[in-house]
Amino acid sequence: MSKKLDFKVLFMKNIVPVIFLLMTAIMMPFSGYSGKFLVQEIVTRLGRDTFLVLALLIPLMAGMGINFGLGLGAMASQIALVFVTDWHVTGVSGVLLAMLISTPISLVFGLFGGYLLNNAKGREMITSYVLGFFMLGAYQIIVLFGMGSIIPIGDEGLLLSRGFGIRNTIMLDGVAGSFDTLLDRLFGFRVQIADIGIPVVTILVVALLCLLTWWFRRTKLGQEIRAVGQDMGVSAASGINVSRTRIISMLISTVLAGYGYIVFMQNVSVMPVYTGANTVATYAAAALLVGGATASKAGIPGVIFGVALFHLLFIVTPMAANRIFGAAEVAEYFRLFISYSIIALALVLNGWNAKKEKDRALFGHRNRGGDRINTADAQPEPATPK
Amino acid sequence: MSGLIKKIGWPRLIIGLFLTGLFIACPFVGVNIQFAVNDVMGRFGMNLVLILSLVPMIQSGCGLNFGVPLGIVSGAFGAVCSVELQATGFMGILTAMLIACSFAIVIGLIYGNILNRIKGDEMIISTYVSMAFVGFMCLLWVRLLPFKNPLLLYGFGGSVFKPQIPLSNHWAGVLDKVLYFKIGPVIEVPVGLFLIGALCCFLMWLFFRSKLGTAMTAAGSNPEYARAAGVSIDKMRLISVVMSTSIAALGMIIYYQHYTFVQLYMTPINLMLPTVAAILIGGAAIRKATITNVIIGTFLFQGVVTVGPMVAGSAFGDIADALRLVISNGMILYALTRKEQR
Amino acid sequence: MHTDNQEVLRFENVGKSFFGNQVLKDISFSLEKGKILGLVGENGAGKSTMMKILFSMDDIRETGGYEGAIYLDGVRLDFNNPMDAINAGVGMVHQEFSLIPGFTATENILLNREFTKRSVISKAFRGKLDTLDRRRMHLSAQEVIELLGVNLDPDMFVSNMPVGHKQFVEISREVNRENVKVLIFDEPTAVLTESEAQVLLHALRTLADRGVAIIFISHRLQEIIDVCDSVIVLRDGELVKDVRKEEGYSVVQLAKWMVGRDVESKSARREKGLDNADDIVMDIRNLWVNMAGELVDDVNLSIRRGEFLGVGGLAGQGKLGIPNGIMGLAEAGGTVLYDGKPFALNSPKAALDLKLAFVSEDRRGFGLLLDEPVYWNVTFSSMQVLNKYLKRYLGVRLRDDKEMRETTREYINSLEIRCVSEKQKVRELSGGNQQKVCLARAFDLEPELLFVSEPTRGIDIGAKSLVLQALKSYNEDKGVTIVMVSSELEELRSICDRIAIICDGKVAGILSADEDSEKFGLLMSGLRSDKESA
């Protein structure tokens with residue numbers, strides 16, 4: 001219809017990114033950061049985090065909502081990273097070995113998760129959220145009690161002073177920067193554009209995953225996952241194995257989350273052994289949602305935009321708040337507040353829109369007779385007495 | 001026999017046996033069983049009303065209230081205000097309850113309206129709405145509240161709240177001390193705490209026998225049926241959310257008076273999953289909860305998390321934390337993945 | 001009979017009973033290649049059971065299979081699930097759309113049968129990782145759409161399509177299957193406009209000419225006459241007529257075969273008709289109701305005080321929408337006068353406060369609290385509406401469970417509800433007893449006007465007569481006006497004073513219960529009896 005309406009619809013559809021973009025724009029001058037610093041940070045974090053956020057796409061496509069159980073893959077990788085560090089395998093081979101070790105563990109975790117989510121249709125998100133904490137408990141039992149006692153760990157430095165159980169944080173010196181600075185080390189100088197360091201290999205890895213995701217959507221399996229995500233009943237009636245498709249989505253997501261966590265860790269290089277996994281899941285979900293994703297639809301450009309905006313928010317707003325209120329403690333809580341409120345707001349607005357759409361669909365039933373061929377979107381509105 | 005097991009339910013049976021095992025193990029690992037009994041009683045009384053607060057929302061069909069931190073943070077706010085006002089003793093705790101409940105009612109109205117505007121995914125949305133709100137309250141604790149009492153704030157000037165605020169000079173233990181008596185040298189029976197818990201349970205029981213309470217139960221059991229009988233589903237849900245939130249605030253004041261400290265910042269979130277798990281262990285389902293579920297659940301859950309670390313602590317160190325995560329979240333997963341009859 | 005090798009599908013003495021209740025008896029017919037067979041019958045005549053047997057649906061297999069045999073291309077069928085039937089070349093176009101709204105027409109038509117391009121790595125994944133060949137998919141969809149002769153964009157999302165186009169997408173999907181031999185169309189024209197229906201009928205002919213055998217189920221008898229080569233008529237689970245086009249038949253004849261004999265026993269009905277044509281308790285003017293699958297378009301109906309009014313018609317025509325709209329359970333509009341005063345629509349509370357009550361056809365939805373005891377189900381509504389069963393204790397009004405249970409026990413006795421006790425959960429009761437609980441609940445509301453929807457659906461014969469008897473005596477002894485909506489015309493004719501037939505969301509006509517069968521049949525098919533002679 002009119003252009004004005006289109007603009008309004010566009011605005012309502014992208015209200016979450018718009019709100020937070022405005023917020024960043026307003027806060028930017030207060031933060032006092034230089035443009036160069038911000039660009040460098042964003043580039044680094046795009047390389048670091050995009051992989052993890054991409055891991056959320058497949059379950060979303062399969063109609064399982066946001067996989068708040070992304071931490072499962074991260075835990076698998078934490079186990080792998082402990083081994084790689086213990087065996088002193090360093091550099092790119094260390095990263096690749098960690099990925100290799102994490103894969104079977106991720107598959108087991110993902111299988112378990114997929115099975116559970118198949119029994120919780122319609123409430124996948126809360127189930128995956130709780131699953132993250134359940135697995136954290138199981139993971140702690142393995143790492144805090146199993147490692148160094150049943151599972152042999154050679155490097156005493158990794159263990160707690162009591163002789164078994166891994167320390168709270170591990171320095172991943174061996175694999176630190178393996179991707180980020182690979183080219184720099186090969187060339188012998190820092191790869192940079194206008195003084196901004198570029199983690200070339202990391203970005204290439206992320207680009208490869210984007211490409212793979214794009215390709216995957218065009219495959220037969222990708223089509224099946226999309227179909228299942230839209231309507232399980234119709235998919236089943238046309239012979240698609242719904243349960244298996246959903247489990248496959250969960251497997252892919254968990255394995256990718258594991259790889260993503262390793263990419264993340266080779267940049268951060270300090271691994272919080274007991275607290276890292278679920279935090280990463282929260283941040284990834286927030287980044288995806290601030291990029292304009294809904295609980296049923298997301299795209300690759302949105303992911304990249306989301307990661308950039310989320311981290312800009314993450315850097316700028318706490319510092320700005322800090323300056324405005326003059327208290328350093330504000331910053332930390334501002335971060336928590338920002339990430340939780342992005343998720344809360346996005347989910348509420350999504351739920352809201354979904355309900356409105358459902359009501360509208362019901363409304364559509366009333367249109368009998370007349371020439372309906374050309375009047376699909378111009379339904380007469382019956383006067384509702386109230 | 002199998003009928004009996006079915007009636008009790010496997011989860012309760014396993015956890016009950018586990019708890020019995022823990023008590024039996026006490027003497028063997030050098031834990032004084034009297035300490036164990038004493039602690040379990042205290043923790044039971046302290047958590048009962050908080051867990052009771054979940055009942056209205058479950059009964060009205062809103063599901064498990066993962067938004068319980070909203071009530072908890074209201075309780076914290078009430079407690080902090082009473083300290084700021086320097087109200088002590090019974091007047092102190094009443095002030096705290098009054099402020100906490102009024103705050104919770106306002107929050108509950110907003111929260112309830114949000115939940116009425118969405119369809120599906122209530123549980124994950126309430127989780128994040130409450131976490132966002134707790135994050136927002138953190139900002140207030142750090143900087144934005146014009147409170148003056150030095151007991152609340154760090155000494156270095158400014159208005160940054162301490163994470164733990166002692167209530168020992170205000171109203172800590174005022175309920176515990178009512179009709180309080182001792183058994184032997186160790187066990188202290190906080191009769192007042194139990195009495196207020198019992199009173200809350202009784203009032204809740206009465207409510208669900210009223211016309212409104214009956215309508216709320218029907219709305220949760222089958223919204224369509226209730227609507228056909230002229231009951232407004234949205235109204236029932238809103239009332240239940242306000243009730244749940246304000247009872248949680250009340251429960252939190254009771255919690256603090258036994259705990260003797262108010263905890264601020266992110267701590268309300270740490271109580272979310274254990275609270276939900278407790279009522280499920282008591283036998284509640286996503287759409288059905290009774291007072292008995294609350295009492296059994298509080299006892300079993302608090303029993304395991306209190307005695308567990310005592311027993312395990314001497315044998316395995318810090319395994320208790322991991323076990324608590326597995327048990328409480330495992331219980332929630334069990335409830336979420338159970339097939340609902342429809 | 002037809003021994004030529006063109007025969008595709010043959011039913012031989014097919015029968016089916018559910019728990020001793022014979023719903024299909026001794027059905028035999030055959031269908032040849034390239035022919036269109038019309039299948040007509042009232043609701044519950046056995047049409048859908050027949051199709052379920054053909055597709056080997058779960059509920060047929062789980063209840064002990066069927067009698068007789070079905071042959072496809074001369075081979076006896078032995079399907080284990082609907083997918084087997086589809087793979088063997090039997091397709092069905094459903095009444096409800098089975099489409100994915102966020103997919104394009106092409107994607108829907110080729111769902112799970114997509115063309116793919118082979119790729120190296122995908123061998124290991126059994127072709128799951130082949131990329132889709134969208135160009136070929138588009139061409140294939142285009143081809144079938146053109147075959148049907150509709151103007152439809154294969155790249156349009158189904159969610160953006162008008163209802164008629166969705167129907168064509170659904171049909172295209174079935175037609176697109178490579179080996180399709182038999183296609184069943186279940187009321188495909190119900191959602192179409194007249195011009196769209198014409199296109200569809202034309203498409204059916206085209207398909208048949210290409211060698212597909214078609215079973216066409218429709219209540220629009222004129223369409224049956226226009227397009228079918230032969231017709232079979234089902235009534236009460238029996239095949240009452242199998243005629244070929246050459247033998248000749250008219251709409252009137254079809255209607256008569258469908259509805260069957262005139263009612264002999266009028267025992268249940270009032271001796272003398274009521275003589276109160278002017279005492280109108282409820283006057284319904286221009287009522288529309290937005291109820292999924294049961295749209296009411298423009299209903300005008302006057303309900304006389306004290307009468308037993310029947311509302312009949314075929315499924316999906318809107319008869320169920322009327323009580324649901326008036327009771328505020330579905331969005332409604334129009335003017336309704338109750339006792340001469342304006343009546344508020346869209347409010348269940350307002351309707352109940354005016355002493356209206358409703359026994360819903362959706363027992364498990366609106367009718368019952370399945371997980372609560374019988375006595376809650378019976379007394380809940382009257383507690384909420386009439387403040388019954390509330391007792392003051394120290395100034396607080398609380399539920400009086402004792403009185404609730406006592407009242408319920410009375411209903412259990414009077415309506416012969418079979419249950420262990422009033423405390424048993426309703427979920428554990430049989431369908432008939434659940435229905436009696438619904439009746440008890442309505443009676444306990446002490447209504448002045450009672451709507452009853454499909455009171456005998458899905459319950460056994462014994463319970464059926466008990467339910468009808470209870471309604472009749474409630475009407476006669478207490479003078480309560482009853483409006484009963486039912487798909488079973490015989491049932492309406494046995495008990496009601498007048499019967500309104502709903503077709504296409506409007507009242508097609510109101511007849512006295514002892515009018516001729518064919519008049520009812522014609523009204524149901526959307527033809528006025530005055531057109532009959534023309």
# chains A, B, ... in the order shown; residues from 1 in each chain; ligands from 1
$ closest_atom_pairs --of "chain C" --to "chain B" --cutoff "7 Å" --atoms "only C-alpha atoms" --output "Markdown table"
| residue | atom | partner | partner_atom | distance |
| --- | --- | --- | --- | --- |
| C:Leu329 | CA | B:Ala228 | CA | 6.6 |
| C:Pro348 | CA | B:Gly230 | CA | 4.9 |
| C:Lys349 | CA | B:Gly230 | CA | 4.0 |
| C:Gly365 | CA | B:Glu224 | CA | 5.9 |
| C:Phe366 | CA | B:Tyr225 | CA | 4.2 |
| C:Gly367 | CA | B:Tyr225 | CA | 5.9 |
| C:Leu368 | CA | B:Tyr225 | CA | 6.2 |
| C:Leu369 | CA | B:Asn222 | CA | 5.9 |
| C:Ser381 | CA | B:Ala229 | CA | 5.1 |
| C:Gln384 | CA | B:Lys211 | CA | 6.8 |
| C:Arg397 | CA | B:Ser210 | CA | 6.3 |
| C:Leu398 | CA | B:Ser210 | CA | 4.4 |
| C:Arg399 | CA | B:Arg209 | CA | 5.2 |
$ closest_atom_pairs --of "chain B" --to "chain A" --cutoff "7 Å" --atoms "only C-alpha atoms" --output "tab-separated table"
residue	atom	partner	partner_atom	distance
B:Arg117	CA	A:Trp352	CA	5.9
B:Ile118	CA	A:Gly351	CA	4.8
B:Lys119	CA	A:Lys355	CA	5.7
B:Asp121	CA	A:Arg123	CA	6.1
B:Met123	CA	A:Ile126	CA	6.2
B:Ile124	CA	A:Ile126	CA	4.7
B:Ile125	CA	A:Ala344	CA	6.1
B:Tyr128	CA	A:Ala344	CA	4.9
B:Val129	CA	A:Ala344	CA	5.0
B:Met131	CA	A:Tyr340	CA	6.2
B:Ala132	CA	A:Tyr340	CA	4.7
B:Gly135	CA	A:Phe337	CA	4.4
B:Phe136	CA	A:Phe337	CA	5.8
B:Cys138	CA	A:Tyr333	CA	6.2
B:Leu139	CA	A:Val330	CA	6.1
B:Val142	CA	A:Val330	CA	6.3
B:Ile319	CA	A:Ile141	CA	6.9
B:Ala322	CA	A:Gly137	CA	4.4
B:Leu323	CA	A:Gly137	CA	6.4
B:Leu325	CA	A:Gly137	CA	4.9
B:Val326	CA	A:Gly137	CA	5.0
B:Asn329	CA	A:Phe134	CA	5.0
B:Gly330	CA	A:Phe134	CA	6.0
B:Leu333	CA	A:Thr127	CA	6.5
B:Leu336	CA	A:Ala120	CA	6.2
B:Thr337	CA	A:Ala120	CA	4.8
$ residues_around --residues "region 77-87 of chain C" --least-positions-apart "6" --cutoff "6 Å" --atoms "only C-alpha atoms" --output "JSON, numbers by chain"
{"C": [55, 56, 57, 70, 71]}
$ write_last_selection --atoms "N, CA and C atoms" --output "PDB file, in the first residue's frame"
ATOM      1  N   PHE C  55      -5.841 -45.568   2.524  1.00  0.00           N
ATOM      2  CA  PHE C  55      -4.515 -45.046   2.849  1.00  0.00           C
ATOM      3  C   PHE C  55      -3.862 -45.783   4.007  1.00  0.00           C
ATOM      4  N   SER C  56      -4.561 -46.768   4.546  1.00  0.00           N
ATOM      5  CA  SER C  56      -4.002 -47.544   5.636  1.00  0.00           C
ATOM      6  C   SER C  56      -3.545 -46.662   6.796  1.00  0.00           C
ATOM      7  N   MET C  57      -4.444 -45.767   7.214  1.00  0.00           N
ATOM      8  CA  MET C  57      -4.121 -44.854   8.307  1.00  0.00           C
ATOM      9  C   MET C  57      -3.949 -45.626   9.615  1.00  0.00           C
ATOM     10  N   ILE C  70      -8.873 -54.758  -1.220  1.00  0.00           N
ATOM     11  CA  ILE C  70      -8.774 -53.669  -2.182  1.00  0.00           C
ATOM     12  C   ILE C  70      -7.662 -54.029  -3.159  1.00  0.00           C
ATOM     13  N   TYR C  71      -7.925 -53.858  -4.466  1.00  0.00           N
ATOM     14  CA  TYR C  71      -6.917 -54.159  -5.482  1.00  0.00           C
ATOM     15  C   TYR C  71      -6.533 -52.889  -6.202  1.00  0.00           C
TER      16      TYR C  71
END
$ select_by_dssp --residues "region 174-207 of chain C" --states "helix (DSSP H, G or I)" --output "ChimeraX atom specification"
/C:174-176,194-207
$ residues_around --residues "Met216 (chain B)" --least-positions-apart "5" --cutoff "7 Å" --atoms "only C-alpha atoms" --output "PDB file with N, CA and C atoms, in the first residue's frame"
ATOM      1  N   GLN B  59      -0.756 -22.960  38.748  1.00  0.00           N
ATOM      2  CA  GLN B  59      -2.178 -23.317  38.724  1.00  0.00           C
ATOM      3  C   GLN B  59      -2.948 -22.553  37.644  1.00  0.00           C
ATOM      4  N   SER B  60      -2.541 -21.323  37.371  1.00  0.00           N
ATOM      5  CA  SER B  60      -3.287 -20.536  36.387  1.00  0.00           C
ATOM      6  C   SER B  60      -2.824 -20.833  34.965  1.00  0.00           C
ATOM      7  N   MET B 236      -7.231 -13.894  35.180  1.00  0.00           N
ATOM      8  CA  MET B 236      -6.738 -14.936  36.083  1.00  0.00           C
ATOM      9  C   MET B 236      -5.219 -14.987  36.052  1.00  0.00           C
TER      10      MET B 236
END
$ residues_around --residues "His138 (chain C)" --least-positions-apart "4" --cutoff "12 Å" --atoms "only C-alpha atoms" --output "PDB file with N, CA and C atoms, in the first residue's frame"
ATOM      1  N   THR C 104       7.573 -21.314  -1.282  1.00  0.00           N
ATOM      2  CA  THR C 104       6.904 -20.911  -2.521  1.00  0.00           C
ATOM      3  C   THR C 104       6.058 -22.073  -3.023  1.00  0.00           C
ATOM      4  N   ALA C 105       5.250 -21.779  -4.039  1.00  0.00           N
ATOM      5  CA  ALA C 105       4.427 -22.818  -4.639  1.00  0.00           C
ATOM      6  C   ALA C 105       5.316 -23.968  -5.117  1.00  0.00           C
ATOM      7  N   THR C 106       6.409 -23.616  -5.794  1.00  0.00           N
ATOM      8  CA  THR C 106       7.322 -24.641  -6.308  1.00  0.00           C
ATOM      9  C   THR C 106       7.839 -25.529  -5.180  1.00  0.00           C
ATOM     10  N   GLU C 107       8.308 -24.892  -4.106  1.00  0.00           N
ATOM     11  CA  GLU C 107       8.873 -25.665  -3.004  1.00  0.00           C
ATOM     12  C   GLU C 107       7.831 -26.591  -2.384  1.00  0.00           C
ATOM     13  N   ASN C 108       6.600 -26.113  -2.323  1.00  0.00           N
ATOM     14  CA  ASN C 108       5.541 -26.953  -1.772  1.00  0.00           C
ATOM     15  C   ASN C 108       5.181 -28.108  -2.692  1.00  0.00           C
ATOM     16  N   ILE C 109       5.107 -27.806  -3.974  1.00  0.00           N
ATOM     17  CA  ILE C 109       4.720 -28.851  -4.923  1.00  0.00           C
ATOM     18  C   ILE C 109       5.756 -29.967  -4.906  1.00  0.00           C
ATOM     19  N   LEU C 110       7.022 -29.600  -4.764  1.00  0.00           N
ATOM     20  CA  LEU C 110       8.087 -30.604  -4.831  1.00  0.00           C
ATOM     21  C   LEU C 110       8.637 -30.972  -3.465  1.00  0.00           C
ATOM     22  N   GLU C 114      12.393 -32.991  -4.255  1.00  0.00           N
ATOM     23  CA  GLU C 114      13.108 -31.950  -4.990  1.00  0.00           C
ATOM     24  C   GLU C 114      14.075 -32.561  -6.005  1.00  0.00           C
ATOM     25  N   PHE C 115      14.277 -31.825  -7.106  1.00  0.00           N
ATOM     26  CA  PHE C 115      15.356 -32.178  -8.027  1.00  0.00           C
ATOM     27  C   PHE C 115      16.658 -31.689  -7.436  1.00  0.00           C
ATOM     28  N   LEU C 132      19.915 -28.182  -4.334  1.00  0.00           N
ATOM     29  CA  LEU C 132      18.659 -28.220  -5.069  1.00  0.00           C
ATOM     30  C   LEU C 132      18.856 -27.661  -6.472  1.00  0.00           C
ATOM     31  N   ASP C 133      18.186 -28.263  -7.422  1.00  0.00           N
ATOM     32  CA  ASP C 133      18.214 -27.746  -8.784  1.00  0.00           C
ATOM     33  C   ASP C 133      16.972 -26.898  -8.986  1.00  0.00           C
ATOM     34  N   ARG C 134      17.090 -25.637  -8.611  1.00  0.00           N
ATOM     35  CA  ARG C 134      15.900 -24.781  -8.566  1.00  0.00           C
ATOM     36  C   ARG C 134      15.294 -24.538  -9.947  1.00  0.00           C
ATOM     37  N   GLN C 142       5.948 -25.365 -12.989  1.00  0.00           N
ATOM     38  CA  GLN C 142       5.293 -24.614 -14.054  1.00  0.00           C
ATOM     39  C   GLN C 142       4.452 -25.532 -14.930  1.00  0.00           C
ATOM     40  N   GLU C 143       5.052 -26.656 -15.247  1.00  0.00           N
ATOM     41  CA  GLU C 143       4.410 -27.602 -16.144  1.00  0.00           C
ATOM     42  C   GLU C 143       3.080 -28.091 -15.564  1.00  0.00           C
ATOM     43  N   VAL C 144       3.126 -28.473 -14.316  1.00  0.00           N
ATOM     44  CA  VAL C 144       1.912 -29.029 -13.720  1.00  0.00           C
ATOM     45  C   VAL C 144       0.863 -27.952 -13.521  1.00  0.00           C
ATOM     46  N   ILE C 145       1.312 -26.733 -13.217  1.00  0.00           N
ATOM     47  CA  ILE C 145       0.354 -25.637 -13.051  1.00  0.00           C
ATOM     48  C   ILE C 145      -0.343 -25.355 -14.387  1.00  0.00           C
ATOM     49  N   ASP C 153       1.597 -18.055  -9.966  1.00  0.00           N
ATOM     50  CA  ASP C 153       3.041 -17.828 -10.012  1.00  0.00           C
ATOM     51  C   ASP C 153       3.759 -18.870  -9.157  1.00  0.00           C
ATOM     52  N   PRO C 154       4.588 -19.700  -9.776  1.00  0.00           N
ATOM     53  CA  PRO C 154       5.235 -20.768  -9.002  1.00  0.00           C
ATOM     54  C   PRO C 154       6.219 -20.237  -7.963  1.00  0.00           C
ATOM     55  N   ASP C 155       6.645 -18.996  -8.075  1.00  0.00           N
ATOM     56  CA  ASP C 155       7.606 -18.465  -7.115  1.00  0.00           C
ATOM     57  C   ASP C 155       6.950 -17.661  -6.010  1.00  0.00           C
ATOM     58  N   MET C 156       5.635 -17.660  -5.984  1.00  0.00           N
ATOM     59  CA  MET C 156       4.937 -16.896  -4.941  1.00  0.00           C
ATOM     60  C   MET C 156       4.890 -17.705  -3.654  1.00  0.00           C
TER      61      MET C 156
END
$ closest_residue --among "C:Ala203, C:Met161, C:Val212, C:Leu489" --to "chain A" --atoms "only C-alpha atoms"
C:Met161
$ closest_atom_pairs --of "chain C" --to "chain A" --cutoff "7 Å" --atoms "only C-alpha atoms" --output "tab-separated table"
residue	atom	partner	partner_atom	distance
C:Met83	CA	A:Gly239	CA	6.8
C:Ser98	CA	A:Val234	CA	5.6
C:Leu99	CA	A:Val234	CA	6.4
C:Ile100	CA	A:Asp231	CA	6.2
C:Gly102	CA	A:Gln230	CA	6.9
C:Leu111	CA	A:Ser238	CA	6.8
C:Asn112	CA	A:Ser238	CA	6.3
C:Lys128	CA	A:Leu221	CA	5.0
C:Leu129	CA	A:Thr219	CA	5.2
C:Asp130	CA	A:Thr219	CA	5.3
C:Thr131	CA	A:Thr219	CA	3.9
C:Leu132	CA	A:Thr219	CA	5.5
C:Asn160	CA	A:Ala376	CA	6.9
C:Met161	CA	A:Ala376	CA	6.2
C:Pro162	CA	A:Ala376	CA	4.7
C:Gly164	CA	A:Ile373	CA	6.9
C:Thr193	CA	A:Gly369	CA	6.3
C:Asn290	CA	A:Arg366	CA	5.5
C:Ala292	CA	A:His365	CA	6.2
C:Leu295	CA	A:Arg366	CA	6.7
C:Gly333	CA	A:Thr384	CA	6.5
$ select_by_dssp --residues "region 103-274 of chain A" --states "strand (DSSP E or B)" --output "VMD selection string"
chain A and resid 147 151 159 166 169 to 171 192 to 193 196 to 197 219 270 to 272
$ atom_distance --atom1 "CA of Glu491 (chain C)" --atom2 "CA of Met524 (chain C)"
15.4 Å
$ residues_around --residues "Ser74 (chain B)" --least-positions-apart "5" --cutoff "8 Å" --atoms "only C-alpha atoms" --output "list in words"
Ala100, Cys101, Phe103, Ala104 and Ala249 of chain B
$ atom_distance --atom1 "CA of Lys182 (chain B)" --atom2 "CA of Met310 (chain B)"
21.8 Å
$ residues_around --residues "Asp400 (chain C)" --least-positions-apart "3" --cutoff "8 Å" --atoms "only C-alpha atoms" --output "list in words"
Tyr389, Leu390, Lys391, Glu403 and Met404 of chain C
$ write_last_selection --atoms "N, CA and C atoms" --output "JSON list (two decimals), in the first residue's frame"
[["chain", "number", "residue", "atom", "x", "y", "z"],
["C", 389, "TYR", "N", -22.88, -23.26, 45.51],
["C", 389, "TYR", "CA", -21.84, -24.05, 46.19],
["C", 389, "TYR", "C", -20.79, -23.20, 46.90],
["C", 390, "LEU", "N", -21.17, -22.01, 47.33],
["C", 390, "LEU", "CA", -20.23, -21.21, 48.11],
["C", 390, "LEU", "C", -20.83, -21.03, 49.49],
["C", 391, "LYS", "N", -20.00, -21.23, 50.51],
["C", 391, "LYS", "CA", -20.49, -21.18, 51.88],
["C", 391, "LYS", "C", -19.61, -20.22, 52.65],
["C", 403, "GLU", "N", -21.40, -30.12, 49.17],
["C", 403, "GLU", "CA", -22.62, -29.86, 48.41],
["C", 403, "GLU", "C", -22.40, -30.13, 46.93],
["C", 404, "MET", "N", -21.20, -29.76, 46.44],
["C", 404, "MET", "CA", -20.89, -30.01, 45.03],
["C", 404, "MET", "C", -20.98, -31.50, 44.74]]
$ atom_distance --atom1 "CA of Ala248 (chain B)" --atom2 "CA of Ala79 (chain B)"
13.2 Å
